[in-house]
Amino acid sequence: MSSAAEQVHHDEHHDHHAPSGIKRWLYTTNHKDIGTLYLWFAFIMFLTGGAMAMVIRAELFEPGLQIVEPNFFNQMTTVHGLIMVFGAVMPAFTGLANWMVPMMIGAPDMALPRMNNWSFWILPFAFLILLSSLFLEGGGPNFGWTFYAPLSTTYSNDSTALFVFSVHIMGASSIMGAINVIVTIFNMRAPGMTFMKMPLFVWTWLITAFLLIAVMPVLAGAVTMVLTDKFFGTSFFNAAGGGDPVMFQHIFWFFGHPEVYIMILPAFGIISQIVPTFARKPLFGYASMVYATASIALLSFIVWAHHMFTTGMPLFAEMFFMIATMLISVPTGVKVFNWVATMWRGSLTFEVPMMFALAFIVLFTIGGFSGLMLAITPVDFQYHDTYFVVAHFHYVLVTGAIFSIMAAAYYWLPKWTGKMYDVTLAKWHFWCSLISVNLLFFPMHFVGLAGMPRRIPDYSLQFADFNKWISIGGFAFGLSQLIFLALLIKACKKQGEPVSARVWEGAEGLEWEVPSPAPYHTFETPPVVK
Amino acid sequence: MSNHTSPQHNKTVFKLLLVVVGMFGFGFLLVPLYDVFCDITGINGKTNDTAAAYQHVEIDTSRLITVEFITRTNTGMPWVFRSETKKIQVHPGELKEVDFYAHNPASYDIVGQAVPSVSPGLASLYLNKTECFCFEQQPLKAGEEARMPMRFYIDPQIPEDINYFTLSYTLYDVTSNKVAMR
């Protein structure tokens, strides 16, 4: 190797004794390395949770019990939910934040790089604990990802302790990640990067990080109460000792509702980056987007009991939570209309990230509307705990959060690797996913309205045809993700055409000013933002 | 702004950690808050857990309120537990006594705890119990039986639209975890 090449290599890493191999990843404090780790971890968890969904859909392919035991089915629904929420969606967003936030605000790295390393590396252990509990005698958690008492206290098995500890670790990881994001954004913006000049992805992540530090500790409290109720004789949720099982739901959903916005606000940020790029117009209504995001975050704290309409709340409480919930559709509507207005009379082109973003806007809105239907108290009594709810939250989480993450991957992947990915594969991935995901989740609305309950391994015969189609859609959606895996492997092998620094013609922002692939260290001298 | 010195980070981190610790505490604070909130508004149907004094109140003979009594035992609780009166009609302000019967058919001693609940919940604000077996734990020896009285009156302030409510008791086996009522 020539000395010039070595010199370049040296400059790229800058670290004079950078460890290589596994140690590079174990010891890394570089925001790009940690972002990559988070993203790969999230993708592996996405496939793991997806495999569990395949078990669920295989069992529900036909009525009757044929493939798995009901107890195992319950473990699958529970762990599928936990993995997708805490293992796939949240780490994927944290990974994107690690990669992009410093580059978007012109910072050299995250503010707390060592804590960053720690917040990633405790995560695999959390999921190792959770997944290993499935192999214990009696199995893993089987009470649903919402772990309602007394299912998780009186009626659960001893592996509940492992569930509690793994949630504690996931929570600690999320809180550390959130603190890191906030400190980075508060203290490390480049000169001239005022708050109202920050890209929307940074804004939505800032607000998400505040939601995280506000509610993850409440979740930690809730699981701790479950732990002490189960093992140490306290009676937080035990009526015999003066507690109240309904109180569990209040505490859980006080965490749980902001949590669903934690999983969608960064998605709003991503879409707000992608749509202007491919419409070749600045984002319509930037300031209203910021205020709408903040309003959604604030409203998320006063709507939790809409998950509990059937617990026998008095009328005025049902009315309050119904109206507060419906109020959220106002700022959300502002966002959707702003995206549409951004595209209005733009020079639209339909590259893969834009295709995912457009699918997001349409399908997320469908999920939003079914959410609005669920918010109407009197009809919720019919929808409650049916597949209609399952359809609703999969529309907002799969075609919402997950599609936005895929859009983000397709948008920024050339910046990360320096090469354009295989666009043909990407388009196959898009169309296969789009068609199968609708086949998978749309008919769930119908079986739900007809009364098919969720979380049950069997169903009555009239639901058989729809469920067959749903399962076929599910298998197809699962297989479609293998196309994405193939594409990512090719991209990591650095195959493909080299791309320019800007990558996309209409891309604006500091991340597009640095060369592609983004050097190991960027913005060591802060750029000046005009 | 761009001056990213360590002390500045530490200050921000410290403030954020305070939020984290505060919210962890708030999670536990929700427990007493929930009780207080429900106590004031009566929305979860919990009745008073200490005896109310019977103040001599005007008996409103123009109204008759039907009170229904339901009893059930929690899973694994072997006692026979029933109300001797299924349904009673009372004037607001009038003091009434009803008897409950409990029998321990098991071959071992059991301590029971009855937990009351009123439906609709708002009625619980106007139900005053001057004496109730649910105020304390009930130990019954193997094979023993007991008659347990409950005396109550309804506050004449009870809203016009409530003229029927149900008082239900669930009996729990608390032998192993003698947890005091909070």
# chains A, B, ... in the order shown; residues from 1 in each chain; ligands from 1

$ interface_residues --of "chain A" --to "chain B" --cutoff "9 Å" --atoms "only C-alpha atoms" --output "PyMOL selection string"
chain A and resi 107+111-112+175+179-180+182-184+186-194+210+213-222+225+233-236+239-243+247+250-251+254+312-314+526

$ write_last_selection --atoms "N, CA and C atoms" --output "short mmCIF file (atom, residue, chain, number, x, y, z; two decimals), in the first residue's frame"
data_model
loop_
_atom_site.label_atom_id
_atom_site.label_comp_id
_atom_site.auth_asym_id
_atom_site.auth_seq_id
_atom_site.Cartn_x
_atom_site.Cartn_y
_atom_site.Cartn_z
N ALA A 107 -22.66 19.35 14.06
CA ALA A 107 -21.88 19.00 15.25
C ALA A 107 -20.91 17.88 14.88
N ALA A 111 -23.10 14.56 21.98
CA ALA A 111 -22.51 15.27 23.10
C ALA A 111 -21.85 14.32 24.08
N LEU A 112 -22.41 13.13 24.26
CA LEU A 112 -21.93 12.23 25.30
C LEU A 112 -21.58 10.89 24.66
N ILE A 175 -33.63 6.14 27.78
CA ILE A 175 -33.46 7.40 28.51
C ILE A 175 -32.08 7.98 28.22
N ILE A 179 -31.39 11.58 26.47
CA ILE A 179 -30.59 12.64 27.10
C ILE A 179 -29.50 13.09 26.13
N ASN A 180 -28.88 12.12 25.48
CA ASN A 180 -27.81 12.43 24.53
C ASN A 180 -28.31 13.32 23.39
N ILE A 182 -30.91 15.34 23.40
CA ILE A 182 -31.27 16.68 23.87
C ILE A 182 -30.01 17.51 24.10
N VAL A 183 -29.01 16.93 24.78
CA VAL A 183 -27.80 17.69 25.08
C VAL A 183 -27.10 18.08 23.77
N THR A 184 -27.06 17.16 22.82
CA THR A 184 -26.43 17.47 21.54
C THR A 184 -27.14 18.64 20.86
N PHE A 186 -29.18 20.91 22.17
CA PHE A 186 -29.12 22.16 22.93
C PHE A 186 -27.75 22.83 22.84
N ASN A 187 -26.69 22.03 22.94
CA ASN A 187 -25.37 22.63 23.15
C ASN A 187 -24.45 22.60 21.95
N MET A 188 -24.76 21.84 20.92
CA MET A 188 -23.75 21.62 19.90
C MET A 188 -24.16 22.06 18.50
N ARG A 189 -25.18 22.90 18.40
CA ARG A 189 -25.56 23.37 17.07
C ARG A 189 -24.47 24.29 16.51
N ALA A 190 -24.29 24.23 15.19
CA ALA A 190 -23.28 25.07 14.54
C ALA A 190 -23.69 26.54 14.68
N PRO A 191 -22.70 27.46 14.58
CA PRO A 191 -23.06 28.88 14.67
C PRO A 191 -24.09 29.22 13.60
N GLY A 192 -25.13 29.93 14.00
CA GLY A 192 -26.17 30.33 13.05
C GLY A 192 -27.31 29.35 12.95
N MET A 193 -27.11 28.13 13.49
CA MET A 193 -28.19 27.14 13.45
C MET A 193 -29.13 27.41 14.63
N THR A 194 -30.05 28.35 14.40
CA THR A 194 -31.01 28.66 15.48
C THR A 194 -32.05 27.55 15.53
N PHE A 210 -37.80 14.49 24.65
CA PHE A 210 -38.45 14.97 25.88
C PHE A 210 -39.57 14.03 26.31
N ILE A 213 -37.87 11.01 28.08
CA ILE A 213 -37.42 11.15 29.47
C ILE A 213 -38.60 11.41 30.40
N ALA A 214 -39.75 11.83 29.84
CA ALA A 214 -40.91 12.03 30.70
C ALA A 214 -41.62 10.72 31.01
N VAL A 215 -41.72 9.81 30.04
CA VAL A 215 -42.57 8.64 30.30
C VAL A 215 -41.83 7.32 30.50
N MET A 216 -40.58 7.19 30.00
CA MET A 216 -39.90 5.91 30.25
C MET A 216 -39.72 5.65 31.75
N PRO A 217 -39.45 6.68 32.58
CA PRO A 217 -39.38 6.41 34.02
C PRO A 217 -40.71 5.94 34.61
N VAL A 218 -41.83 6.40 34.04
CA VAL A 218 -43.12 5.94 34.53
C VAL A 218 -43.31 4.46 34.20
N LEU A 219 -42.85 4.06 33.01
CA LEU A 219 -42.89 2.64 32.65
C LEU A 219 -42.03 1.84 33.62
N ALA A 220 -40.85 2.37 33.93
CA ALA A 220 -39.97 1.67 34.88
C ALA A 220 -40.68 1.51 36.21
N GLY A 221 -41.41 2.55 36.64
CA GLY A 221 -42.18 2.46 37.88
C GLY A 221 -43.25 1.38 37.79
N ALA A 222 -43.95 1.34 36.65
CA ALA A 222 -45.04 0.37 36.50
C ALA A 222 -44.52 -1.06 36.55
N MET A 225 -43.62 -1.96 40.08
CA MET A 225 -44.79 -2.30 40.89
C MET A 225 -45.28 -3.72 40.59
N GLY A 233 -45.03 -9.21 47.78
CA GLY A 233 -46.22 -9.06 48.61
C GLY A 233 -46.80 -7.66 48.71
N THR A 234 -46.42 -6.75 47.84
CA THR A 234 -47.11 -5.45 47.86
C THR A 234 -48.46 -5.61 47.17
N SER A 235 -49.30 -4.59 47.28
CA SER A 235 -50.65 -4.70 46.71
C SER A 235 -51.02 -3.47 45.90
N PHE A 236 -50.11 -3.05 45.03
CA PHE A 236 -50.45 -1.90 44.20
C PHE A 236 -51.68 -2.19 43.35
N ALA A 239 -56.65 -5.99 44.71
CA ALA A 239 -57.77 -5.42 45.46
C ALA A 239 -57.83 -5.97 46.88
N ALA A 240 -57.39 -7.22 47.10
CA ALA A 240 -57.45 -7.81 48.44
C ALA A 240 -56.62 -7.00 49.42
N GLY A 241 -55.54 -6.40 48.93
CA GLY A 241 -54.68 -5.63 49.82
C GLY A 241 -54.95 -4.14 49.72
N GLY A 242 -56.06 -3.76 49.10
CA GLY A 242 -56.41 -2.35 49.02
C GLY A 242 -55.95 -1.68 47.74
N GLY A 243 -55.36 -2.43 46.84
CA GLY A 243 -54.93 -1.84 45.57
C GLY A 243 -56.04 -1.89 44.54
N MET A 247 -56.03 0.72 38.28
CA MET A 247 -54.97 1.72 38.39
C MET A 247 -53.77 1.33 37.55
N HIS A 250 -54.23 2.80 34.24
CA HIS A 250 -54.00 4.26 34.21
C HIS A 250 -52.50 4.55 34.15
N ILE A 251 -51.72 3.87 35.01
CA ILE A 251 -50.28 4.15 35.02
C ILE A 251 -49.65 3.71 33.70
N PHE A 254 -50.57 6.04 30.91
CA PHE A 254 -49.94 7.35 31.06
C PHE A 254 -48.57 7.33 30.39
N GLY A 312 -65.48 1.16 32.72
CA GLY A 312 -66.53 1.66 33.61
C GLY A 312 -66.23 3.04 34.15
N MET A 313 -65.61 3.87 33.32
CA MET A 313 -65.38 5.25 33.74
C MET A 313 -66.70 6.00 33.72
N PRO A 314 -66.82 7.05 34.56
CA PRO A 314 -68.05 7.85 34.51
C PRO A 314 -68.12 8.63 33.19
N PRO A 526 -16.92 23.67 13.08
CA PRO A 526 -18.34 23.84 12.79
C PRO A 526 -18.57 24.68 11.54
#

$ residues_around --residues "Asn48 of chain B" --least-positions-apart "3" --cutoff "9 Å" --atoms "only C-alpha atoms" --output "PyMOL selection string"
chain B and resi 39+51-52+124-125+127-129+135

$ residues_around --residues "segment 148-157 of chain B" --least-positions-apart "3" --cutoff "9 Å" --atoms "only C-alpha atoms" --output "short mmCIF file (atom, residue, chain, number, x, y, z; two decimals) with N, CA and C atoms, in the first residue's frame"
data_model
loop_
_atom_site.label_atom_id
_atom_site.label_comp_id
_atom_site.auth_asym_id
_atom_site.auth_seq_id
_atom_site.Cartn_x
_atom_site.Cartn_y
_atom_site.Cartn_z
N ALA B 52 -68.50 5.45 59.42
CA ALA B 52 -69.01 6.81 59.44
C ALA B 52 -69.91 6.94 60.65
N TYR B 54 -73.24 8.13 62.52
CA TYR B 54 -74.59 8.42 62.02
C TYR B 54 -75.04 9.74 62.60
N VAL B 57 -79.99 12.71 60.54
CA VAL B 57 -80.36 13.51 59.39
C VAL B 57 -81.85 13.35 59.13
N GLU B 58 -82.37 14.32 58.46
CA GLU B 58 -83.78 14.30 58.07
C GLU B 58 -84.01 13.10 57.15
N ILE B 59 -84.98 12.27 57.48
CA ILE B 59 -85.30 11.14 56.61
C ILE B 59 -86.23 11.62 55.51
N ASP B 60 -85.80 11.41 54.29
CA ASP B 60 -86.56 11.88 53.14
C ASP B 60 -87.53 10.78 52.72
N ILE B 65 -85.00 4.35 47.67
CA ILE B 65 -83.86 3.94 46.85
C ILE B 65 -83.65 2.44 47.03
N VAL B 90 -84.79 1.63 50.80
CA VAL B 90 -84.57 2.52 51.94
C VAL B 90 -84.91 3.95 51.55
N HIS B 91 -85.34 4.72 52.58
CA HIS B 91 -85.48 6.16 52.39
C HIS B 91 -84.12 6.78 52.65
N PRO B 92 -83.73 7.80 51.92
CA PRO B 92 -82.47 8.48 52.23
C PRO B 92 -82.48 9.00 53.66
N GLY B 93 -81.40 8.75 54.38
CA GLY B 93 -81.30 9.21 55.76
C GLY B 93 -81.68 8.15 56.78
N GLU B 94 -82.30 7.08 56.33
CA GLU B 94 -82.77 6.03 57.22
C GLU B 94 -81.64 5.02 57.47
N LEU B 95 -81.46 4.60 58.76
CA LEU B 95 -80.39 3.66 59.08
C LEU B 95 -80.91 2.24 58.91
N LYS B 96 -80.18 1.43 58.16
CA LYS B 96 -80.62 0.06 57.90
C LYS B 96 -79.50 -0.92 58.25
N GLU B 97 -79.90 -2.14 58.62
CA GLU B 97 -78.88 -3.15 58.87
C GLU B 97 -79.18 -4.37 58.01
N VAL B 98 -78.15 -4.88 57.36
CA VAL B 98 -78.31 -6.13 56.62
C VAL B 98 -77.24 -7.10 57.11
N ASP B 99 -77.54 -8.39 57.02
CA ASP B 99 -76.60 -9.40 57.50
C ASP B 99 -75.98 -10.15 56.34
N PHE B 100 -74.74 -10.48 56.52
CA PHE B 100 -74.05 -11.33 55.55
C PHE B 100 -73.64 -12.60 56.27
N TYR B 101 -73.57 -13.67 55.52
CA TYR B 101 -73.25 -14.97 56.12
C TYR B 101 -71.97 -15.50 55.49
N ALA B 102 -71.07 -15.97 56.35
CA ALA B 102 -69.84 -16.57 55.83
C ALA B 102 -69.59 -17.90 56.52
N LEU B 125 -70.34 7.94 46.90
CA LEU B 125 -70.11 9.16 47.69
C LEU B 125 -71.22 9.37 48.71
N TYR B 126 -72.41 8.78 48.47
CA TYR B 126 -73.57 9.04 49.33
C TYR B 126 -73.92 7.85 50.20
N LEU B 127 -73.13 6.78 50.10
CA LEU B 127 -73.37 5.60 50.92
C LEU B 127 -72.46 5.69 52.14
N ASN B 128 -73.08 5.79 53.31
CA ASN B 128 -72.29 5.88 54.53
C ASN B 128 -72.50 4.63 55.37
N LYS B 129 -71.41 3.92 55.63
CA LYS B 129 -71.51 2.70 56.41
C LYS B 129 -71.06 3.00 57.83
N THR B 130 -71.94 2.78 58.81
CA THR B 130 -71.56 3.03 60.19
C THR B 130 -70.91 1.80 60.79
N GLU B 131 -71.17 0.65 60.17
CA GLU B 131 -70.54 -0.57 60.65
C GLU B 131 -70.43 -1.53 59.47
N CYS B 132 -69.27 -2.11 59.32
CA CYS B 132 -69.13 -3.05 58.20
C CYS B 132 -68.03 -4.06 58.51
N PHE B 133 -68.31 -5.31 58.16
CA PHE B 133 -67.31 -6.37 58.33
C PHE B 133 -66.11 -6.14 57.41
N CYS B 134 -66.32 -5.29 56.38
CA CYS B 134 -65.24 -5.08 55.43
C CYS B 134 -64.18 -4.13 55.98
N GLU B 160 -80.94 13.16 42.31
CA GLU B 160 -82.28 12.68 41.93
C GLU B 160 -82.23 11.47 41.01
#

$ atom_distance --atom1 "atom CA of Leu487 of chain A" --atom2 "atom CA of Phe43 of chain A"
12.7 Å

$ closest_residue --among "A:Ser329, A:Ser166, A:Ser436, A:Ser471" --to "Phe86 of chain A" --atoms "only C-alpha atoms"
A:Ser166

$ select_by_dssp --residues "segment 106-140 of chain A" --states "alpha helix (DSSP H)" --output "PyMOL selection string"
chain A and resi 113-121+123-132
